[in-house]
>>> print(open('input.pdb').read())   # PDB, C-alpha atoms
ATOM      1  CA  ALA O   1       7.576  58.898 -71.822
ATOM      2  CA  TYR O   2      10.690  56.909 -70.874
ATOM      3  CA  THR O   3      10.509  58.401 -67.449
ATOM      4  CA  GLY O   4       6.926  57.088 -67.106
ATOM      5  CA  TYR O   5       8.001  53.587 -68.192
ATOM      6  CA  LEU O   6      10.888  53.639 -65.768
ATOM      7  CA  MET O   7       8.620  54.685 -62.941
ATOM      8  CA  LEU O   8       6.141  51.953 -63.853
ATOM      9  CA  LEU O   9       8.906  49.328 -64.021
ATOM     10  CA  GLY O  10      10.269  50.549 -60.696
ATOM     11  CA  PHE O  11       6.816  50.325 -59.137
ATOM     12  CA  LEU O  12       6.247  46.818 -60.545
ATOM     13  CA  GLY O  13       9.695  45.740 -59.339
ATOM     14  CA  TYR O  14       8.965  47.088 -55.872
ATOM     15  CA  ARG O  15       5.612  45.305 -55.771
ATOM     16  CA  LEU O  16       7.287  42.083 -56.940
ATOM     17  CA  HIS O  17       9.894  42.509 -54.193
ATOM     18  CA  LEU O  18       7.161  42.997 -51.590
ATOM     19  CA  TYR O  19       5.305  39.930 -52.917
ATOM     20  CA  GLN O  20       8.447  37.767 -52.808
ATOM     21  CA  LYS O  21       9.242  39.044 -49.323
ATOM     22  CA  ALA O  22       5.683  38.275 -48.160
ATOM     23  CA  ARG O  23       5.886  34.766 -49.697
ATOM     24  CA  THR O  24       9.240  34.153 -48.033
ATOM     25  CA  LEU O  25       7.827  35.337 -44.698
ATOM     26  CA  GLU O  26       4.702  33.221 -45.188
ATOM     27  CA  LYS O  27       6.825  30.134 -45.955
ATOM     28  CA  ALA O  28       9.001  30.847 -42.924
ATOM     29  CA  GLN O  29       5.913  31.196 -40.712
ATOM     30  CA  GLN O  30       4.416  27.993 -42.148
ATOM     31  CA  ALA O  31       7.692  26.145 -41.561
ATOM     32  CA  ALA O  32       7.833  27.481 -37.985
ATOM     33  CA  LYS O  33       4.215  26.448 -37.422
ATOM     34  CA  GLU O  34       4.882  22.959 -38.749
ATOM     35  CA  LYS O  35       7.969  22.722 -36.560
ATOM     36  CA  GLU O  36       5.930  23.773 -33.519
ATOM     37  CA  LEU O  37       3.266  21.176 -34.364
ATOM     38  CA  GLU O  38       5.958  18.515 -34.764
ATOM     39  CA  GLN O  39       7.497  19.502 -31.439
ATOM     40  CA  ALA O  40       4.054  19.407 -29.812
ATOM     41  CA  ARG O  41       3.478  15.911 -31.223
ATOM     42  CA  GLU O  42       6.886  14.793 -29.928
ATOM     43  CA  ILE O  43       6.186  16.293 -26.494
ATOM     44  CA  LYS O  44       2.783  14.599 -26.397
ATOM     45  CA  LYS O  45       4.358  11.289 -27.406
ATOM     46  CA  ALA O  46       7.144  11.664 -24.826
ATOM     47  CA  TYR O  47       4.565  12.500 -22.133
ATOM     48  CA  ALA O  48       2.505   9.429 -23.039
ATOM     49  CA  GLU O  49       5.640   7.251 -22.858
ATOM     50  CA  LEU O  50       6.630   8.803 -19.513
ATOM     51  CA  LYS O  51       3.103   8.259 -18.147
ATOM     52  CA  ALA O  52       3.165   4.642 -19.297
ATOM     53  CA  THR O  53       6.565   4.136 -17.646
ATOM     54  CA  GLN O  54       5.319   5.723 -14.417
ATOM     55  CA  ASP O  55       2.218   3.509 -14.476
ATOM     56  CA  GLN O  56       4.430   0.452 -14.928
ATOM     57  CA  LEU O  57       6.640   1.513 -12.013
ATOM     58  CA  ILE O  58       3.620   2.162  -9.803
ATOM     59  CA  HIS O  59       2.259  -1.255 -10.753
ATOM     60  CA  SER O  60       5.655  -2.779  -9.931
ATOM     61  CA  GLU O  61       5.603  -1.049  -6.534
ATOM     62  CA  LYS O  62       2.116  -2.406  -5.858
ATOM     63  CA  MET O  63       3.187  -5.890  -6.864
ATOM     64  CA  ALA O  64       6.259  -5.611  -4.642
ATOM     65  CA  SER O  65       4.080  -4.682  -1.654
ATOM     66  CA  LEU O  66       1.700  -7.489  -2.610
ATOM     67  CA  GLY O  67       4.662  -9.873  -2.473
ATOM     68  CA  GLU O  68       5.462  -8.672   1.056
ATOM     69  CA  LEU O  69       1.818  -9.098   1.989
ATOM     70  CA  THR O  70       1.526 -12.565   0.478
ATOM     71  CA  ALA O  71       4.570 -13.784   2.401
ATOM     72  CA  GLY O  72       3.032 -12.478   5.616
ATOM     73  CA  ILE O  73      -0.348 -14.002   4.814
ATOM     74  CA  ALA O  74       1.184 -17.426   4.169
ATOM     75  CA  HIS O  75       2.353 -17.450   7.796
ATOM     76  CA  GLU O  76      -0.597 -15.600   9.313
ATOM     77  CA  ILE O  77      -3.236 -17.802   7.701
ATOM     78  CA  GLN O  78      -1.543 -20.960   8.969
ATOM     79  CA  ASN O  79      -2.695 -20.329  12.549
ATOM     80  CA  PRO O  80      -6.473 -20.320  11.913
ATOM     81  CA  LEU O  81      -6.096 -23.198   9.443
ATOM     82  CA  ASN O  82      -4.283 -25.236  12.083
ATOM     83  CA  PHE O  83      -7.135 -24.578  14.512
ATOM     84  CA  VAL O  84      -9.723 -25.563  11.896
ATOM     85  CA  ASN O  85      -7.868 -28.811  11.122
ATOM     86  CA  ASN O  86      -7.297 -29.649  14.786
ATOM     87  CA  PHE O  87     -10.884 -29.033  15.899
ATOM     88  CA  ALA O  88     -12.200 -30.914  12.860
ATOM     89  CA  GLU O  89     -10.025 -33.905  13.818
ATOM     90  CA  VAL O  90     -11.188 -33.749  17.453
ATOM     91  CA  ASN O  91     -14.807 -33.605  16.273
ATOM     92  CA  ARG O  92     -14.250 -36.705  14.157
ATOM     93  CA  GLU O  93     -13.048 -38.556  17.265
ATOM     94  CA  LEU O  94     -15.987 -37.250  19.327
ATOM     95  CA  ILE O  95     -18.457 -38.317  16.655
ATOM     96  CA  ASP O  96     -16.911 -41.794  16.554
ATOM     97  CA  GLU O  97     -17.245 -41.983  20.341
ATOM     98  CA  LEU O  98     -20.851 -40.769  20.122
ATOM     99  CA  LYS O  99     -21.659 -43.366  17.465
ATOM    100  CA  GLU O 100     -20.152 -46.060  19.634
ATOM    101  CA  GLU O 101     -22.199 -44.966  22.653
ATOM    102  CA  SER O 102     -25.469 -44.574  20.729
ATOM    103  CA  GLY O 103     -24.989 -48.026  19.181
ATOM    104  CA  LYS O 104     -25.221 -49.724  22.563
ATOM    105  CA  GLU O 105     -28.333 -51.257  24.005
ATOM    106  CA  THR O 106     -30.610 -48.675  25.565
ATOM    107  CA  LYS O 107     -29.986 -49.947  29.079
ATOM    108  CA  ASP O 108     -26.187 -49.678  28.605
ATOM    109  CA  ARG O 109     -26.138 -46.183  27.074
ATOM    110  CA  ASN O 110     -24.851 -43.213  29.089
ATOM    111  CA  ALA O 111     -27.198 -40.312  28.334
ATOM    112  CA  LYS O 112     -25.017 -37.768  30.151
ATOM    113  CA  LEU O 113     -21.938 -38.833  28.169
ATOM    114  CA  GLU O 114     -23.863 -38.490  24.911
ATOM    115  CA  GLN O 115     -25.028 -35.006  25.921
ATOM    116  CA  ASP O 116     -21.482 -33.993  26.902
ATOM    117  CA  LEU O 117     -20.135 -35.262  23.573
ATOM    118  CA  LEU O 118     -22.781 -33.293  21.642
ATOM    119  CA  GLU O 119     -21.946 -30.127  23.589
ATOM    120  CA  ASP O 120     -18.219 -30.610  22.906
ATOM    121  CA  ILE O 121     -18.929 -31.087  19.197
ATOM    122  CA  ASP O 122     -21.100 -27.958  19.177
ATOM    123  CA  GLN O 123     -18.384 -25.882  20.892
ATOM    124  CA  ASN O 124     -15.756 -27.162  18.473
ATOM    125  CA  LEU O 125     -17.960 -26.203  15.523
ATOM    126  CA  ASP O 126     -18.172 -22.658  16.920
ATOM    127  CA  LYS O 127     -14.369 -22.569  17.111
ATOM    128  CA  ILE O 128     -14.044 -23.940  13.564
ATOM    129  CA  SER O 129     -16.429 -21.230  12.355
ATOM    130  CA  LEU O 130     -14.525 -18.517  14.256
ATOM    131  CA  HIS O 131     -11.125 -19.473  12.853
ATOM    132  CA  GLY O 132     -12.566 -20.091   9.395
ATOM    133  CA  LYS O 133     -13.897 -16.531   9.379
ATOM    134  CA  ARG O 134     -10.481 -15.315  10.548
ATOM    135  CA  ALA O 135      -8.814 -17.052   7.596
ATOM    136  CA  ASP O 136     -11.492 -15.657   5.280
ATOM    137  CA  SER O 137     -10.825 -12.137   6.590
ATOM    138  CA  ILE O 138      -7.090 -12.465   5.925
ATOM    139  CA  VAL O 139      -7.645 -13.688   2.349
ATOM    140  CA  LYS O 140     -10.158 -10.899   1.669
ATOM    141  CA  GLY O 141      -7.607  -8.390   2.921
ATOM    142  CA  MET O 142      -5.056  -9.718   0.440
ATOM    143  CA  LEU O 143      -7.565  -9.594  -2.417
ATOM    144  CA  GLN O 144      -8.520  -6.031  -1.533
ATOM    145  CA  HIS O 145      -4.858  -5.050  -1.391
ATOM    146  CA  SER O 146      -4.228  -6.476  -4.861
ATOM    147  CA  ARG O 147      -7.006  -4.441  -6.504
ATOM    148  CA  SER O 148      -6.131  -1.584  -8.828
ATOM    149  CA  GLY O 149      -7.092   1.079  -6.291
ATOM    150  CA  ASP O 150     -10.552   2.171  -7.516
ATOM    151  CA  GLY O 151     -12.158   0.731  -4.411
ATOM    152  CA  LYS O 152     -14.871   2.593  -2.573
ATOM    153  CA  LYS O 153     -14.592   4.146   0.846
ATOM    154  CA  GLU O 154     -16.312   2.241   3.618
ATOM    155  CA  PRO O 155     -16.536   2.535   7.421
ATOM    156  CA  THR O 156     -13.380   0.792   8.641
ATOM    157  CA  ASP O 157     -12.056  -0.375  11.994
ATOM    158  CA  LEU O 158      -8.554   1.124  11.810
ATOM    159  CA  ASN O 159      -7.423  -0.685  14.973
ATOM    160  CA  LYS O 160      -8.126  -4.042  13.354
ATOM    161  CA  LEU O 161      -6.596  -2.933  10.045
ATOM    162  CA  ALA O 162      -3.426  -1.679  11.757
ATOM    163  CA  ASP O 163      -3.062  -4.850  13.839
ATOM    164  CA  GLU O 164      -3.412  -7.111  10.780
ATOM    165  CA  TYR O 165      -0.911  -5.182   8.658
ATOM    166  CA  LEU O 166       1.580  -5.031  11.533
ATOM    167  CA  ARG O 167       1.728  -8.845  11.649
ATOM    168  CA  LEU O 168       1.658  -9.212   7.864
ATOM    169  CA  ALA O 169       4.575  -6.787   7.416
ATOM    170  CA  TYR O 170       6.577  -8.583  10.117
ATOM    171  CA  HIS O 171       5.981 -12.063   8.723
ATOM    172  CA  GLY O 172       6.645 -10.788   5.188
ATOM    173  CA  LEU O 173      10.186  -9.858   6.257
ATOM    174  CA  ARG O 174      10.588 -13.043   8.298
ATOM    175  CA  ALA O 175       9.760 -15.019   5.153
ATOM    176  CA  LYS O 176      12.759 -13.396   3.438
ATOM    177  CA  ASP O 177      15.124 -13.520   6.394
ATOM    178  CA  LYS O 178      14.496 -16.151   9.084
ATOM    179  CA  SER O 179      17.110 -14.511  11.339
ATOM    180  CA  PHE O 180      15.139 -11.239  11.443
ATOM    181  CA  ASN O 181      13.480 -10.464  14.758
ATOM    182  CA  ALA O 182      11.864  -7.392  16.265
ATOM    183  CA  ALA O 183       9.521  -6.514  19.099
ATOM    184  CA  MET O 184       6.070  -5.270  18.095
ATOM    185  CA  GLU O 185       4.203  -2.894  20.393
ATOM    186  CA  THR O 186       0.606  -1.716  19.923
ATOM    187  CA  ASP O 187      -1.422   0.996  21.629
ATOM    188  CA  PHE O 188      -4.884   1.142  20.094
ATOM    189  CA  ASP O 189      -7.533   3.609  21.245
ATOM    190  CA  PRO O 190     -10.571   1.454  22.144
ATOM    191  CA  GLU O 191     -12.869   4.445  21.543
ATOM    192  CA  LEU O 192     -11.563   5.056  18.024
ATOM    193  CA  PRO O 193     -14.512   5.681  15.655
ATOM    194  CA  ARG O 194     -14.859   3.853  12.365
ATOM    195  CA  VAL O 195     -13.503   5.960   9.507
ATOM    196  CA  ASP O 196     -14.606   6.091   5.870
ATOM    197  CA  VAL O 197     -11.526   4.984   3.933
ATOM    198  CA  VAL O 198     -10.560   2.678   1.074
ATOM    199  CA  PRO O 199      -9.264  -0.216   3.228
ATOM    200  CA  GLN O 200      -6.837  -1.652   0.645
ATOM    201  CA  ASP O 201      -5.300   1.786   0.042
ATOM    202  CA  ILE O 202      -4.805   2.636   3.723
ATOM    203  CA  GLY O 203      -3.572  -0.944   4.176
ATOM    204  CA  ARG O 204      -0.994  -0.281   1.458
ATOM    205  CA  VAL O 205       0.142   2.853   3.319
ATOM    206  CA  LEU O 206       0.471   0.968   6.617
ATOM    207  CA  LEU O 207       2.265  -1.941   4.957
ATOM    208  CA  ASN O 208       4.776   0.453   3.410
ATOM    209  CA  LEU O 209       5.411   2.396   6.626
ATOM    210  CA  LEU O 210       5.670  -0.753   8.742
ATOM    211  CA  THR O 211       7.922  -2.559   6.269
ATOM    212  CA  ASN O 212      10.219   0.483   6.172
ATOM    213  CA  ALA O 213      10.244   0.571   9.989
ATOM    214  CA  PHE O 214      11.202  -3.119  10.213
ATOM    215  CA  HIS O 215      13.925  -2.571   7.600
ATOM    216  CA  ALA O 216      15.225   0.400   9.609
ATOM    217  CA  VAL O 217      15.539  -1.528  12.895
ATOM    218  CA  SER O 218      17.044  -4.522  11.102
ATOM    219  CA  GLN O 219      19.774  -2.347   9.543
ATOM    220  CA  HIS O 220      20.382  -0.460  12.792
ATOM    221  CA  LYS O 221      20.875  -3.704  14.695
ATOM    222  CA  ASP O 222      24.063  -4.350  12.709
ATOM    223  CA  ILE O 223      25.710  -1.192  14.056
ATOM    224  CA  ALA O 224      23.899  -0.626  17.377
ATOM    225  CA  GLN O 225      25.443  -1.138  20.778
ATOM    226  CA  LYS O 226      25.011  -4.364  22.701
ATOM    227  CA  GLY O 227      21.604  -4.642  24.347
ATOM    228  CA  TYR O 228      19.770  -2.886  21.510
ATOM    229  CA  GLU O 229      16.275  -4.321  20.993
ATOM    230  CA  PRO O 230      14.726  -3.617  17.568
ATOM    231  CA  THR O 231      11.194  -2.365  18.194
ATOM    232  CA  VAL O 232       8.344  -1.091  16.042
ATOM    233  CA  TRP O 233       5.310   0.631  17.556
ATOM    234  CA  ILE O 234       1.920   1.314  16.000
ATOM    235  CA  LYS O 235      -0.602   3.486  17.815
ATOM    236  CA  THR O 236      -4.023   4.941  17.118
ATOM    237  CA  LYS O 237      -5.812   7.811  18.793
ATOM    238  CA  LYS O 238      -8.537  10.344  18.223
ATOM    239  CA  ALA O 239      -7.158  13.619  16.936
ATOM    240  CA  LYS O 240      -8.698  17.028  16.315
ATOM    241  CA  ASN O 241     -11.358  16.507  13.591
ATOM    242  CA  GLY O 242     -10.102  13.015  12.836
ATOM    243  CA  VAL O 243      -7.942  10.078  13.847
ATOM    244  CA  GLU O 244      -4.188   9.575  13.926
ATOM    245  CA  ILE O 245      -2.146   6.442  13.275
ATOM    246  CA  THR O 246       1.503   6.563  14.362
ATOM    247  CA  VAL O 247       4.178   4.176  13.107
ATOM    248  CA  GLU O 248       7.392   4.483  15.103
ATOM    249  CA  ASP O 249      10.719   2.657  15.122
ATOM    250  CA  ASN O 250      13.950   2.852  17.101
ATOM    251  CA  GLY O 251      16.171   2.455  14.039
ATOM    252  CA  GLY O 252      18.867   4.789  12.799
ATOM    253  CA  GLY O 253      16.526   7.664  11.981
ATOM    254  CA  ILE O 254      16.373   9.710   8.783
ATOM    255  CA  PRO O 255      19.182  12.234   8.116
ATOM    256  CA  ALA O 256      18.036  15.872   8.096
ATOM    257  CA  ALA O 257      19.505  16.361   4.599
ATOM    258  CA  ILE O 258      16.983  13.976   2.997
ATOM    259  CA  ARG O 259      13.873  14.431   5.156
ATOM    260  CA  GLU O 260      12.323  16.914   2.738
ATOM    261  CA  LYS O 261      12.894  14.540  -0.189
ATOM    262  CA  ILE O 262      11.476  11.272   1.125
ATOM    263  CA  PHE O 263       7.946  11.903  -0.179
ATOM    264  CA  GLN O 264       9.221  12.820  -3.653
ATOM    265  CA  PRO O 265       8.580  10.264  -6.445
ATOM    266  CA  PHE O 266      11.543   7.998  -7.267
ATOM    267  CA  PHE O 267      13.635   9.187  -4.311
ATOM    268  CA  THR O 268      15.132   6.195  -2.504
ATOM    269  CA  THR O 269      18.038   5.459  -0.201
ATOM    270  CA  LYS O 270      17.967   1.771  -1.112
ATOM    271  CA  SER O 271      20.467   0.122  -3.419
ATOM    272  CA  THR O 272      19.695  -0.175  -7.142
ATOM    273  CA  GLY O 273      17.127  -2.884  -7.722
ATOM    274  CA  GLU O 274      15.892  -2.884  -4.116
ATOM    275  CA  GLY O 275      13.312  -0.133  -4.437
ATOM    276  CA  THR O 276      11.610   2.146  -6.969
ATOM    277  CA  GLY O 277      11.386   5.134  -4.632
ATOM    278  CA  LEU O 278       7.609   5.164  -5.053
ATOM    279  CA  GLY O 279       6.482   3.627  -1.753
ATOM    280  CA  LEU O 280       6.370   6.784   0.362
ATOM    281  CA  SER O 281       5.331   8.928  -2.606
ATOM    282  CA  MET O 282       2.337   6.659  -3.258
ATOM    283  CA  SER O 283       1.522   6.590   0.447
ATOM    284  CA  TYR O 284       1.599  10.392   0.562
ATOM    285  CA  ASP O 285      -0.777  10.660  -2.411
ATOM    286  CA  ILE O 286      -3.156   8.041  -0.968
ATOM    287  CA  VAL O 287      -3.387   9.866   2.368
ATOM    288  CA  THR O 288      -3.457  13.473   1.118
ATOM    289  CA  LYS O 289      -5.128  13.310  -2.300
ATOM    290  CA  GLY O 290      -7.180  10.157  -1.877
ATOM    291  CA  HIS O 291      -8.401  10.738   1.680
ATOM    292  CA  GLY O 292      -7.885  14.455   2.411
ATOM    293  CA  GLY O 293      -5.525  13.641   5.279
ATOM    294  CA  GLN O 294      -1.919  14.324   6.195
ATOM    295  CA  LEU O 295       1.257  12.224   6.291
ATOM    296  CA  ASN O 296       4.029  13.749   8.414
ATOM    297  CA  LEU O 297       7.427  12.706   9.688
ATOM    298  CA  GLU O 298       9.411  13.313  12.856
ATOM    299  CA  SER O 299      12.907  11.905  13.095
ATOM    300  CA  LYS O 300      16.148  12.378  14.944
ATOM    301  CA  GLU O 301      19.212  10.776  13.446
ATOM    302  CA  GLY O 302      20.325   7.825  15.540
ATOM    303  CA  GLU O 303      17.047   7.729  17.499
ATOM    304  CA  GLY O 304      14.479   6.372  15.046
ATOM    305  CA  ALA O 305      11.567   7.832  13.116
ATOM    306  CA  LYS O 306       7.845   8.499  13.573
ATOM    307  CA  PHE O 307       5.319   8.718  10.752
ATOM    308  CA  PHE O 308       1.918  10.248  11.495
ATOM    309  CA  VAL O 309      -1.087   9.387   9.320
ATOM    310  CA  THR O 310      -3.971  11.772  10.072
ATOM    311  CA  LEU O 311      -7.356  11.017   8.515
ATOM    312  CA  PRO O 312     -10.523  13.137   8.720
ATOM    313  CA  VAL O 313     -13.677  11.618  10.213
TER
END
>>> encode(input="input.pdb", output="structure tokens")
Amino acid sequence: AYTGYLMLLGFLGYRLHLYQKARTLEKAQQAAKEKELEQAREIKKAYAELKATQDQLIHSEKMASLGELTAGIAHEIQNPLNFVNNFAEVNRELIDELKEESGKETKDRNAKLEQDLLEDIDQNLDKISLHGKRADSIVKGMLQHSRSGDGKKEPTDLNKLADEYLRLAYHGLRAKDKSFNAAMETDFDPELPRVDVVPQDIGRVLLNLLTNAFHAVSQHKDIAQKGYEPTVWIKTKKAKNGVEITVEDNGGGIPAAIREKIFQPFFTTKSTGEGTGLGLSMSYDIVTKGHGGQLNLESKEGEGAKFFVTLPV
């Protein structure tokens, strides 16, 4: 009988041991699961914070390029406004002269002079309208550039867009440094078809590439031999299944060691505080992801750099 009790106690003890072991394992698994969930929550939180920081940096980069653009626009818009003001003032004088002539006795009035004055006023109004539209176009370009980037694609004259951003980039740098000077050369294909793009986004790409090119020739001038002429070229041409925009400079070029890194986010050769390292990365994404195109680089150290923007038609 004792043997039976002992066996029963042994069996109960074994079952209790198994139960305790199972409970310990269950608690350990629960603790591990809770730890995994906590880690997942922390990772999710860290990702959200990183995304927010990236968004802020991208916004800062856009605002920085907008600052460059605004400085260029301040100069560029002055020309058409000067024309508008000048022609308006001339028209005022012509109208005064016309009033004086029409106020004379009929026999003393010069009909031909009155007709000539009216024609001059009419021509001046055409010029005021032309330059007013030019100023309007520049302002609209700035407003488009400052949008968040959810603009729609529309048929765009890339020659006109490239020409405008070339001058805006140049005057943006001139606004910061009055001593800066560089030659600007254009070669636009007159047969270039209109291309469906988001104008403010492609404008942002061109502004970034051109600003970098002007920076490159400005820096190279300090170390170049006598007779060096800083020059930036922008060209357009029809390419296979699309169009190609080339931005070229005769600056110091890009060292081979960093060429593969320049399109990476946050990579920059500028001093701390001078750049976020997002300009070329954003440009690459706009061209490749946003427009299904390509952004490529050719460079030889000491001989400048060429960036090729290829867009499908």
>>> residues_around(input="input.pdb", residues="Phe308 of chain O", least_positions_apart="2", cutoff="12 Å", atoms="only C-alpha atoms", output="VMD selection string")
chain O and resid 205 to 206 209 to 210 233 to 237 239 243 to 248 283 to 284 287 293 to 299 305 to 306 310 to 311
>>> residues_near_point(input="input.pdb", point="(-18.5, -30.8, 21.4)", cutoff="12 Å", atoms="only C-alpha atoms", output="list of chain:residue names")
O:Phe87, O:Ala88, O:Glu89, O:Val90, O:Asn91, O:Arg92, O:Glu93, O:Leu94, O:Ile95, O:Glu97, O:Leu98, O:Leu113, O:Glu114, O:Gln115, O:Asp116, O:Leu117, O:Leu118, O:Glu119, O:Asp120, O:Ile121, O:Asp122, O:Gln123, O:Asn124, O:Leu125, O:Asp126, O:Lys127, O:Ile128
>>> atom_distance(input="input.pdb", atom1="atom CA of Asp157 of chain O", atom2="atom CA of Arg194 of chain O")
5.1 Å
>>> residues_around(input="input.pdb", residues="Lys153 of chain O", least_positions_apart="2", cutoff="6 Å", atoms="all atoms listed in the file", output="ChimeraX atom specification")
/O:196-198
>>> write_last_selection(input="input.pdb", atoms="C-alpha atoms", output="compact mmCIF listing (two decimals), keeping the file's coordinate frame")
# COMPACT_ATOMS: atom_id res chain seq x y z
CA ASP O 196 -14.61 6.09 5.87
CA VAL O 197 -11.53 4.98 3.93
CA VAL O 198 -10.56 2.68 1.07
>>> atom_distance(input="input.pdb", atom1="atom CA of Ala48 of chain O", atom2="atom CA of Lys289 of chain O")
22.4 Å
>>> resolve_selection(input="input.pdb", expression="the PyMOL selection byres ((chain O and resi 131) around 12)", output="MDAnalysis selection string")
chainID O and resid 76:88 124:130 132:138
>>> resolve_selection(input="input.pdb", expression="the PyMOL selection byres ((chain O and resi 302) around 7)", output="PyMOL selection string")
chain O and resi 251-253+300-301+303-304
>>> atom_distance(input="input.pdb", atom1="atom CA of Ala175 of chain O", atom2="atom CA of Ser218 of chain O")
14.1 Å
>>> residues_around(input="input.pdb", residues="Thr231 of chain O", least_positions_apart="3", cutoff="9 Å", atoms="all atoms listed in the file", output="ChimeraX atom specification")
/O:182-185,213-214,217,248-251
>>> closest_residue(input="input.pdb", among="O:Tyr14, O:Tyr165, O:Tyr19, O:Tyr170", to="Leu207 of chain O", atoms="only C-alpha atoms")
O:Tyr165
>>> residues_near_point(input="input.pdb", point="(-14.3, 5.9, -1.3)", cutoff="12 Å", atoms="only C-alpha atoms", output="MDAnalysis selection string")
chainID O and resid 149:156 195:202 286 289:292
>>> closest_residue(input="input.pdb", among="O:Lys240, O:Arg109, O:Lys261, O:Lys104", to="Leu280 of chain O", atoms="only C-alpha atoms")
O:Lys261
>>> closest_residue(input="input.pdb", among="O:Leu168, O:Phe180, O:Lys45, O:Leu18", to="Gln219 of chain O", atoms="all atoms listed in the file")
O:Phe180
